Amino acid sequence: MILDNTAKGQKYYHHKDFPHNHHSHADDSASAISVQKSGTREIKVVRRVLDVNEKMAEENRKLFAENGVFVLNVMSSPGSGKTTTLEKTLAKILPEYKSAVIVGDICTTHDADRLAISGAPVVQINTDEFGGDCHLAAHVIDKAAGGLDLADIDLLIVENVGNLVCPAEFDIGEDSRVVILSVTEGEDKPAKYPLMFRECEAALLNKIDLLPYLDYDKDKAVEYIHQVHPDMPVFEISARTEEGFEPWIEWLHKKIKEKIG
Amino acid sequence: MHEMGIALQIVDIATASIPPNLGDVRVAKVNLKVGKLAAVVPDSLRFCFSVATKDTPLDGAELVIEELPVLARCKECSTQWTITNPVFQCQTCNSGSLEILSGRELDIESIEIAEEDKNDSG
Ligand SMILES: Nc1nc2c(ncn2[C@@H]2O[C@H](COP(=O)(O)OP(=O)(O)OP(=O)(O)O)[C@@H](O)[C@H]2O)c(=O)[nH]1
Ligand SMILES: [Mg+2]
Ligand SMILES: [Zn+2]
């Protein structure tokens with residue numbers, strides 16, 4: 001994640017030239033094997049390490065499309081206000097769209113319990129399966145979705161694990177990703193976690209009710225967001241007071257309508 | 001943070017890439033390309049790899065990581081440059097509409113099979 005100058009002088013690697021769809025098999029041809037100076041035989045592999053996740057994500061995406069479900073992946077640092085924002089969002093969106101939630105929590109059911117109060121079905125998942133608890137992977141979503149009646153759902157919200165690094169890397173088959181940043185965190189978070197802010201479609205700047213008590217430069221935070229992701233919509237909200245929720249809910253409505261009508 | 005999961009995935013792919021006709025061989029090296037935008041810390045990945053390879057044909061193998069720069073191209077004016085600080089805006093025309101050409105990789109390029117095992121194990 002650290003962008004530095006050591007990259008200078010390195011050979012450029014053109015993504016376009018990369019044979020994404022060609023997964024060469026070990027026995028493809030003799031030319032795939034070459035003898036190295038060190039005496040080892042080199043065997044070309046050329047595979048994306050995460051291709052298993054990517055395939056699963058595509059399957060999820062197909063399943064969600066078949067059932068007319070719009071899927072929103074919500075990410076943030078721990079404690080930025082995902083659960084609180086979703087509680088309030090559900091209350092406003094439920095009258096119109098049947099919603100369900102998948103929540104990735106490391107070891108408690110607190111978030112699931114809070115979200116269940118909305119009346120929406122909530123699936124709590126264990127994140128310990130795929131080598132750690134830092135993100136939700138596509139196969140975990142597949143399993144969790146199995147516990148939901150997708151045909152009866154318009155909106156599926158996924159509260160990802162509190163982490164600004166890893167979830168950005170894992171496609172889960174969602175339609176849209178949003179990131180929540182709170183004013184109690186550093187203004188320069190977007191610059192520190194550029195992948196997350198580039199991968200998300202919109203940002204929610206939460207806890208603005210606290211601004212009067214903080215030495216937080218909101219404009220600077222928005223500027224950082226736009227450096228990393230020019231034109232990214234930024235919704236300034238307070239999940240506590242519900243200030244600023246209207247434009248956010250309107251945006252979400254529009255996104256859902258675009259997909260399911 | 002998910003380096004152990006990545007390491008296990010690498011071991012799976014590398015093991016499946018050993019040509020079956022070679023029989024019991026040892027993998028000496030795995031060549032990996034990692035983009036600078038990928039959420040992977042090379043040192044931590046190397047450590048997890050050394051743990052994940054225990055009791056596999058990759059036991060003791062070296063994980064060679066080539067880090068790739070973040071290369072962008074402006075969709076408006078086609079300027080191409082390497083991003084070294086997190087500002088994703090064209091230096092020539094200020095457009096924010098970019099194509100990221102490289103920097104997201106997490107790809108296994110190749111594996112290298114140790115030759116000496118053939119003689120030792122005879
Ligand atoms: N003042 C204020 N506090 C908030 C706001 N939103 C959330 N909080 C508080 O921040 C704390 C964390 O909120 P959560 O909604 O649990 O955050 P989260 O992102 O779901 O946390 P994890 O799931 O643990 O990563 C709680 O104490 C909330 O009451 C807000 O808009 N204003
Ligand atoms: Mg939560
Ligand atoms: Zn330009």
# chains A, B, ... in the order shown; residues from 1 in each chain; ligands from 1
>>> residues_near_ligand(ligand="ligand 2", cutoff="8 Å", atoms="only C-alpha atoms and all ligand atoms", output="PyMOL selection string")
chain A and resi 78-79+81-84+103+105+111+159+161-162
>>> write_last_selection(atoms="C-alpha atoms", output="mmCIF file, in the first residue's frame")
data_model
loop_
_atom_site.group_PDB
_atom_site.id
_atom_site.type_symbol
_atom_site.label_atom_id
_atom_site.label_comp_id
_atom_site.auth_asym_id
_atom_site.auth_seq_id
_atom_site.Cartn_x
_atom_site.Cartn_y
_atom_site.Cartn_z
ATOM 1 C CA PRO A 78 -13.433 -0.154 13.150
ATOM 2 C CA GLY A 79 -15.926 2.104 14.872
ATOM 3 C CA GLY A 81 -20.223 4.052 12.420
ATOM 4 C CA LYS A 82 -21.194 1.325 9.951
ATOM 5 C CA THR A 83 -23.749 -0.337 12.210
ATOM 6 C CA THR A 84 -25.262 2.943 13.427
ATOM 7 C CA VAL A 103 -22.754 -8.576 8.974
ATOM 8 C CA ASP A 105 -18.207 -9.492 13.027
ATOM 9 C CA ASP A 111 -23.980 -5.669 15.536
ATOM 10 C CA GLU A 159 -21.482 -4.642 6.718
ATOM 11 C CA VAL A 161 -15.269 -6.159 8.758
ATOM 12 C CA GLY A 162 -13.901 -2.915 10.216
#
>>> interface_residues(of="chain B", to="chain A", cutoff="7 Å", atoms="only C-alpha atoms", output="PyMOL selection string")
chain B and resi 1-2+4-5+9-10+17-19+36-39+68-69+84-89+96+101-102+106-115
>>> residues_near_ligand(ligand="ligand 1", cutoff="10 Å", atoms="only C-alpha atoms and all ligand atoms", output="MDAnalysis selection string")
chainID A and resid 74:88 103:106 108 110:112 114 159:163 180:184 205:211 236:243
>>> residues_near_ligand(ligand="ligand 3", cutoff="9 Å", atoms="only C-alpha atoms and all ligand atoms", output="list of chain:residue names")
B:Arg73, B:Cys74, B:Lys75, B:Glu76, B:Cys77, B:Ser78, B:Thr79, B:Gln80, B:Gln89, B:Cys90, B:Gln91, B:Thr92, B:Cys93, B:Asn94, B:Ser95, B:Gly96, B:Ser97, B:Leu98
>>> residues_around(residues="Gly146 in chain A", least_positions_apart="3", cutoff="12 Å", atoms="only C-alpha atoms", output="short mmCIF file (atom, residue, chain, number, x, y, z; two decimals) with C-alpha atoms, in the first residue's frame")
data_model
loop_
_atom_site.label_atom_id
_atom_site.label_comp_id
_atom_site.auth_asym_id
_atom_site.auth_seq_id
_atom_site.Cartn_x
_atom_site.Cartn_y
_atom_site.Cartn_z
CA ASN A 60 -22.69 -14.33 -6.50
CA LEU A 63 -27.28 -15.09 -8.38
CA PHE A 64 -28.11 -11.60 -7.08
CA ILE A 102 -25.11 -9.68 6.26
CA VAL A 123 -27.16 -13.03 8.93
CA ILE A 125 -21.01 -14.42 9.77
CA HIS A 139 -17.51 -17.66 -0.66
CA VAL A 140 -18.49 -16.43 2.80
CA ILE A 141 -21.14 -14.20 1.24
CA ASP A 142 -22.34 -17.12 -0.86
CA LYS A 143 -22.80 -19.18 2.27
CA ASP A 149 -34.80 -15.81 0.77
CA LEU A 150 -33.20 -13.80 -2.03
CA ALA A 151 -36.32 -13.87 -4.20
#
>>> atom_distance(atom1="CA of Trp251 in chain A", atom2="CA of Phe235 in chain A")
9.6 Å
>>> select_by_dssp(residues="range 6-201 of chain A", states="strand (DSSP E)", output="PDB file with N, CA, C and O atoms, in the first residue's frame")
ATOM      1  N   ILE A  33       8.168 -24.732 -20.002  1.00  0.00           N
ATOM      2  CA  ILE A  33       9.210 -25.103 -19.041  1.00  0.00           C
ATOM      3  C   ILE A  33      10.560 -24.672 -19.596  1.00  0.00           C
ATOM      4  O   ILE A  33      10.891 -24.943 -20.734  1.00  0.00           O
ATOM      5  N   SER A  34      11.306 -23.946 -18.769  1.00  0.00           N
ATOM      6  CA  SER A  34      12.633 -23.565 -19.238  1.00  0.00           C
ATOM      7  C   SER A  34      13.639 -23.775 -18.125  1.00  0.00           C
ATOM      8  O   SER A  34      13.319 -23.636 -16.953  1.00  0.00           O
ATOM      9  N   VAL A  35      14.846 -24.137 -18.511  1.00  0.00           N
ATOM     10  CA  VAL A  35      15.872 -24.398 -17.495  1.00  0.00           C
ATOM     11  C   VAL A  35      16.555 -23.091 -17.117  1.00  0.00           C
ATOM     12  O   VAL A  35      16.963 -22.316 -17.979  1.00  0.00           O
ATOM     13  N   ARG A  41      14.213 -25.798 -13.026  1.00  0.00           N
ATOM     14  CA  ARG A  41      13.380 -25.690 -14.218  1.00  0.00           C
ATOM     15  C   ARG A  41      12.237 -24.750 -13.901  1.00  0.00           C
ATOM     16  O   ARG A  41      11.519 -24.945 -12.919  1.00  0.00           O
ATOM     17  N   GLU A  42      12.072 -23.734 -14.714  1.00  0.00           N
ATOM     18  CA  GLU A  42      11.000 -22.770 -14.458  1.00  0.00           C
ATOM     19  C   GLU A  42       9.742 -23.188 -15.211  1.00  0.00           C
ATOM     20  O   GLU A  42       9.785 -23.511 -16.393  1.00  0.00           O
ATOM     21  N   ILE A  43       8.628 -23.194 -14.501  1.00  0.00           N
ATOM     22  CA  ILE A  43       7.355 -23.540 -15.117  1.00  0.00           C
ATOM     23  C   ILE A  43       6.435 -22.335 -15.050  1.00  0.00           C
ATOM     24  O   ILE A  43       6.133 -21.824 -13.962  1.00  0.00           O
ATOM     25  N   LYS A  44       6.003 -21.875 -16.205  1.00  0.00           N
ATOM     26  CA  LYS A  44       5.107 -20.708 -16.271  1.00  0.00           C
ATOM     27  C   LYS A  44       3.769 -21.060 -15.613  1.00  0.00           C
ATOM     28  O   LYS A  44       3.224 -22.134 -15.843  1.00  0.00           O
ATOM     29  N   VAL A  45       3.257 -20.137 -14.825  1.00  0.00           N
ATOM     30  CA  VAL A  45       1.966 -20.368 -14.188  1.00  0.00           C
ATOM     31  C   VAL A  45       0.984 -19.277 -14.641  1.00  0.00           C
ATOM     32  O   VAL A  45      -0.068 -19.546 -15.195  1.00  0.00           O
ATOM     33  N   VAL A  46       1.365 -18.022 -14.427  1.00  0.00           N
ATOM     34  CA  VAL A  46       0.564 -16.856 -14.797  1.00  0.00           C
ATOM     35  C   VAL A  46      -0.891 -16.982 -14.356  1.00  0.00           C
ATOM     36  O   VAL A  46      -1.795 -17.174 -15.146  1.00  0.00           O
ATOM     37  N   ARG A  47      -1.083 -16.906 -13.062  1.00  0.00           N
ATOM     38  CA  ARG A  47      -2.443 -16.929 -12.523  1.00  0.00           C
ATOM     39  C   ARG A  47      -2.603 -15.903 -11.434  1.00  0.00           C
ATOM     40  O   ARG A  47      -1.684 -15.639 -10.673  1.00  0.00           O
ATOM     41  N   ARG A  48      -3.778 -15.328 -11.382  1.00  0.00           N
ATOM     42  CA  ARG A  48      -4.067 -14.379 -10.312  1.00  0.00           C
ATOM     43  C   ARG A  48      -4.318 -15.182  -9.040  1.00  0.00           C
ATOM     44  O   ARG A  48      -5.088 -16.138  -9.046  1.00  0.00           O
ATOM     45  N   PHE A  70     -30.243  -5.817  -5.159  1.00  0.00           N
ATOM     46  CA  PHE A  70     -29.158  -4.840  -5.214  1.00  0.00           C
ATOM     47  C   PHE A  70     -28.292  -5.042  -3.967  1.00  0.00           C
ATOM     48  O   PHE A  70     -28.799  -5.085  -2.849  1.00  0.00           O
ATOM     49  N   VAL A  71     -26.986  -5.188  -4.182  1.00  0.00           N
ATOM     50  CA  VAL A  71     -26.097  -5.486  -3.050  1.00  0.00           C
ATOM     51  C   VAL A  71     -25.134  -4.332  -2.789  1.00  0.00           C
ATOM     52  O   VAL A  71     -24.412  -3.880  -3.689  1.00  0.00           O
ATOM     53  N   LEU A  72     -25.158  -3.863  -1.559  1.00  0.00           N
ATOM     54  CA  LEU A  72     -24.301  -2.751  -1.152  1.00  0.00           C
ATOM     55  C   LEU A  72     -23.273  -3.244  -0.135  1.00  0.00           C
ATOM     56  O   LEU A  72     -23.621  -3.838   0.878  1.00  0.00           O
ATOM     57  N   ASN A  73     -22.002  -3.006  -0.414  1.00  0.00           N
ATOM     58  CA  ASN A  73     -20.918  -3.414   0.475  1.00  0.00           C
ATOM     59  C   ASN A  73     -20.423  -2.185   1.235  1.00  0.00           C
ATOM     60  O   ASN A  73     -19.949  -1.223   0.634  1.00  0.00           O
ATOM     61  N   VAL A  74     -20.603  -2.200   2.554  1.00  0.00           N
ATOM     62  CA  VAL A  74     -20.264  -1.030   3.372  1.00  0.00           C
ATOM     63  C   VAL A  74     -18.986  -1.284   4.158  1.00  0.00           C
ATOM     64  O   VAL A  74     -18.884  -2.251   4.913  1.00  0.00           O
ATOM     65  N   MET A  75     -18.009  -0.430   3.984  1.00  0.00           N
ATOM     66  CA  MET A  75     -16.701  -0.635   4.607  1.00  0.00           C
ATOM     67  C   MET A  75     -16.235   0.601   5.360  1.00  0.00           C
ATOM     68  O   MET A  75     -16.609   1.718   5.027  1.00  0.00           O
ATOM     69  N   SER A  76     -15.412   0.379   6.379  1.00  0.00           N
ATOM     70  CA  SER A  76     -14.812   1.492   7.117  1.00  0.00           C
ATOM     71  C   SER A  76     -13.793   0.944   8.103  1.00  0.00           C
ATOM     72  O   SER A  76     -13.679  -0.266   8.273  1.00  0.00           O
ATOM     73  N   SER A  99     -35.390  -5.381   2.686  1.00  0.00           N
ATOM     74  CA  SER A  99     -33.936  -5.416   2.841  1.00  0.00           C
ATOM     75  C   SER A  99     -33.495  -6.518   3.781  1.00  0.00           C
ATOM     76  O   SER A  99     -34.259  -6.986   4.623  1.00  0.00           O
ATOM     77  N   ALA A 100     -32.248  -6.922   3.609  1.00  0.00           N
ATOM     78  CA  ALA A 100     -31.627  -7.879   4.516  1.00  0.00           C
ATOM     79  C   ALA A 100     -30.186  -7.442   4.717  1.00  0.00           C
ATOM     80  O   ALA A 100     -29.648  -6.643   3.943  1.00  0.00           O
ATOM     81  N   VAL A 101     -29.576  -7.953   5.785  1.00  0.00           N
ATOM     82  CA  VAL A 101     -28.215  -7.548   6.108  1.00  0.00           C
ATOM     83  C   VAL A 101     -27.341  -8.766   6.382  1.00  0.00           C
ATOM     84  O   VAL A 101     -27.782  -9.727   7.017  1.00  0.00           O
ATOM     85  N   ILE A 102     -26.121  -8.707   5.870  1.00  0.00           N
ATOM     86  CA  ILE A 102     -25.107  -9.685   6.258  1.00  0.00           C
ATOM     87  C   ILE A 102     -24.056  -8.894   7.011  1.00  0.00           C
ATOM     88  O   ILE A 102     -23.558  -7.880   6.509  1.00  0.00           O
ATOM     89  N   VAL A 103     -23.744  -9.326   8.207  1.00  0.00           N
ATOM     90  CA  VAL A 103     -22.754  -8.576   8.974  1.00  0.00           C
ATOM     91  C   VAL A 103     -21.586  -9.463   9.393  1.00  0.00           C
ATOM     92  O   VAL A 103     -21.765 -10.560   9.904  1.00  0.00           O
ATOM     93  N   GLY A 104     -20.406  -8.974   9.075  1.00  0.00           N
ATOM     94  CA  GLY A 104     -19.189  -9.703   9.425  1.00  0.00           C
ATOM     95  C   GLY A 104     -18.642  -9.144  10.714  1.00  0.00           C
ATOM     96  O   GLY A 104     -18.204  -8.005  10.783  1.00  0.00           O
ATOM     97  N   ASP A 105     -18.704  -9.959  11.737  1.00  0.00           N
ATOM     98  CA  ASP A 105     -18.207  -9.492  13.027  1.00  0.00           C
ATOM     99  C   ASP A 105     -17.239 -10.552  13.520  1.00  0.00           C
ATOM    100  O   ASP A 105     -17.497 -11.745  13.348  1.00  0.00           O
ATOM    101  N   VAL A 122     -31.237 -10.666   9.401  1.00  0.00           N
ATOM    102  CA  VAL A 122     -29.802 -10.393   9.551  1.00  0.00           C
ATOM    103  C   VAL A 122     -29.044 -11.711   9.646  1.00  0.00           C
ATOM    104  O   VAL A 122     -29.407 -12.581  10.427  1.00  0.00           O
ATOM    105  N   VAL A 123     -28.029 -11.854   8.824  1.00  0.00           N
ATOM    106  CA  VAL A 123     -27.164 -13.025   8.927  1.00  0.00           C
ATOM    107  C   VAL A 123     -25.815 -12.566   9.448  1.00  0.00           C
ATOM    108  O   VAL A 123     -25.181 -11.671   8.899  1.00  0.00           O
ATOM    109  N   GLN A 124     -25.412 -13.169  10.528  1.00  0.00           N
ATOM    110  CA  GLN A 124     -24.128 -12.815  11.135  1.00  0.00           C
ATOM    111  C   GLN A 124     -23.110 -13.848  10.670  1.00  0.00           C
ATOM    112  O   GLN A 124     -23.377 -15.044  10.717  1.00  0.00           O
ATOM    113  N   ILE A 125     -21.982 -13.413  10.176  1.00  0.00           N
ATOM    114  CA  ILE A 125     -21.011 -14.423   9.771  1.00  0.00           C
ATOM    115  C   ILE A 125     -19.673 -14.343  10.460  1.00  0.00           C
ATOM    116  O   ILE A 125     -19.204 -13.285  10.863  1.00  0.00           O
ATOM    117  N   ASN A 126     -19.147 -15.528  10.539  1.00  0.00           N
ATOM    118  CA  ASN A 126     -17.853 -15.740  11.175  1.00  0.00           C
ATOM    119  C   ASN A 126     -16.779 -15.472  10.131  1.00  0.00           C
ATOM    120  O   ASN A 126     -16.788 -16.049   9.065  1.00  0.00           O
ATOM    121  N   LEU A 155     -32.945  -5.314  -1.458  1.00  0.00           N
ATOM    122  CA  LEU A 155     -31.670  -4.706  -1.087  1.00  0.00           C
ATOM    123  C   LEU A 155     -30.957  -5.584  -0.066  1.00  0.00           C
ATOM    124  O   LEU A 155     -31.521  -5.939   0.969  1.00  0.00           O
ATOM    125  N   LEU A 156     -29.734  -5.939  -0.384  1.00  0.00           N
ATOM    126  CA  LEU A 156     -28.914  -6.689   0.571  1.00  0.00           C
ATOM    127  C   LEU A 156     -27.730  -5.810   0.948  1.00  0.00           C
ATOM    128  O   LEU A 156     -26.934  -5.412   0.092  1.00  0.00           O
ATOM    129  N   ILE A 157     -27.651  -5.489   2.234  1.00  0.00           N
ATOM    130  CA  ILE A 157     -26.538  -4.660   2.696  1.00  0.00           C
ATOM    131  C   ILE A 157     -25.528  -5.557   3.403  1.00  0.00           C
ATOM    132  O   ILE A 157     -25.888  -6.385   4.229  1.00  0.00           O
ATOM    133  N   VAL A 158     -24.266  -5.401   3.055  1.00  0.00           N
ATOM    134  CA  VAL A 158     -23.214  -6.169   3.710  1.00  0.00           C
ATOM    135  C   VAL A 158     -22.383  -5.211   4.558  1.00  0.00           C
ATOM    136  O   VAL A 158     -21.777  -4.273   4.031  1.00  0.00           O
ATOM    137  N   GLU A 159     -22.392  -5.413   5.872  1.00  0.00           N
ATOM    138  CA  GLU A 159     -21.482  -4.642   6.718  1.00  0.00           C
ATOM    139  C   GLU A 159     -20.194  -5.438   6.791  1.00  0.00           C
ATOM    140  O   GLU A 159     -20.125  -6.495   7.419  1.00  0.00           O
ATOM    141  N   SER A 176     -22.420  -2.152  -5.509  1.00  0.00           N
ATOM    142  CA  SER A 176     -21.836  -0.874  -5.172  1.00  0.00           C
ATOM    143  C   SER A 176     -21.105  -0.970  -3.833  1.00  0.00           C
ATOM    144  O   SER A 176     -21.491  -1.736  -2.958  1.00  0.00           O
ATOM    145  N   ARG A 177     -20.064  -0.173  -3.714  1.00  0.00           N
ATOM    146  CA  ARG A 177     -19.306  -0.135  -2.471  1.00  0.00           C
ATOM    147  C   ARG A 177     -19.304   1.279  -1.939  1.00  0.00           C
ATOM    148  O   ARG A 177     -19.121   2.227  -2.709  1.00  0.00           O
ATOM    149  N   VAL A 178     -19.515   1.412  -0.642  1.00  0.00           N
ATOM    150  CA  VAL A 178     -19.359   2.728  -0.041  1.00  0.00           C
ATOM    151  C   VAL A 178     -18.429   2.624   1.163  1.00  0.00           C
ATOM    152  O   VAL A 178     -18.333   1.580   1.809  1.00  0.00           O
ATOM    153  N   VAL A 179     -17.729   3.698   1.413  1.00  0.00           N
ATOM    154  CA  VAL A 179     -16.803   3.726   2.543  1.00  0.00           C
ATOM    155  C   VAL A 179     -17.265   4.798   3.522  1.00  0.00           C
ATOM    156  O   VAL A 179     -17.732   5.862   3.115  1.00  0.00           O
ATOM    157  N   ILE A 180     -17.187   4.482   4.805  1.00  0.00           N
ATOM    158  CA  ILE A 180     -17.530   5.462   5.839  1.00  0.00           C
ATOM    159  C   ILE A 180     -16.249   5.913   6.523  1.00  0.00           C
ATOM    160  O   ILE A 180     -15.390   5.105   6.885  1.00  0.00           O
ATOM    161  N   LEU A 181     -16.144   7.226   6.663  1.00  0.00           N
ATOM    162  CA  LEU A 181     -14.993   7.820   7.321  1.00  0.00           C
ATOM    163  C   LEU A 181     -15.585   8.707   8.407  1.00  0.00           C
ATOM    164  O   LEU A 181     -16.574   9.386   8.162  1.00  0.00           O
ATOM    165  N   SER A 182     -15.035   8.675   9.613  1.00  0.00           N
ATOM    166  CA  SER A 182     -15.631   9.549  10.625  1.00  0.00           C
ATOM    167  C   SER A 182     -14.672  10.677  10.967  1.00  0.00           C
ATOM    168  O   SER A 182     -13.468  10.562  10.768  1.00  0.00           O
TER     169      SER A 182
END
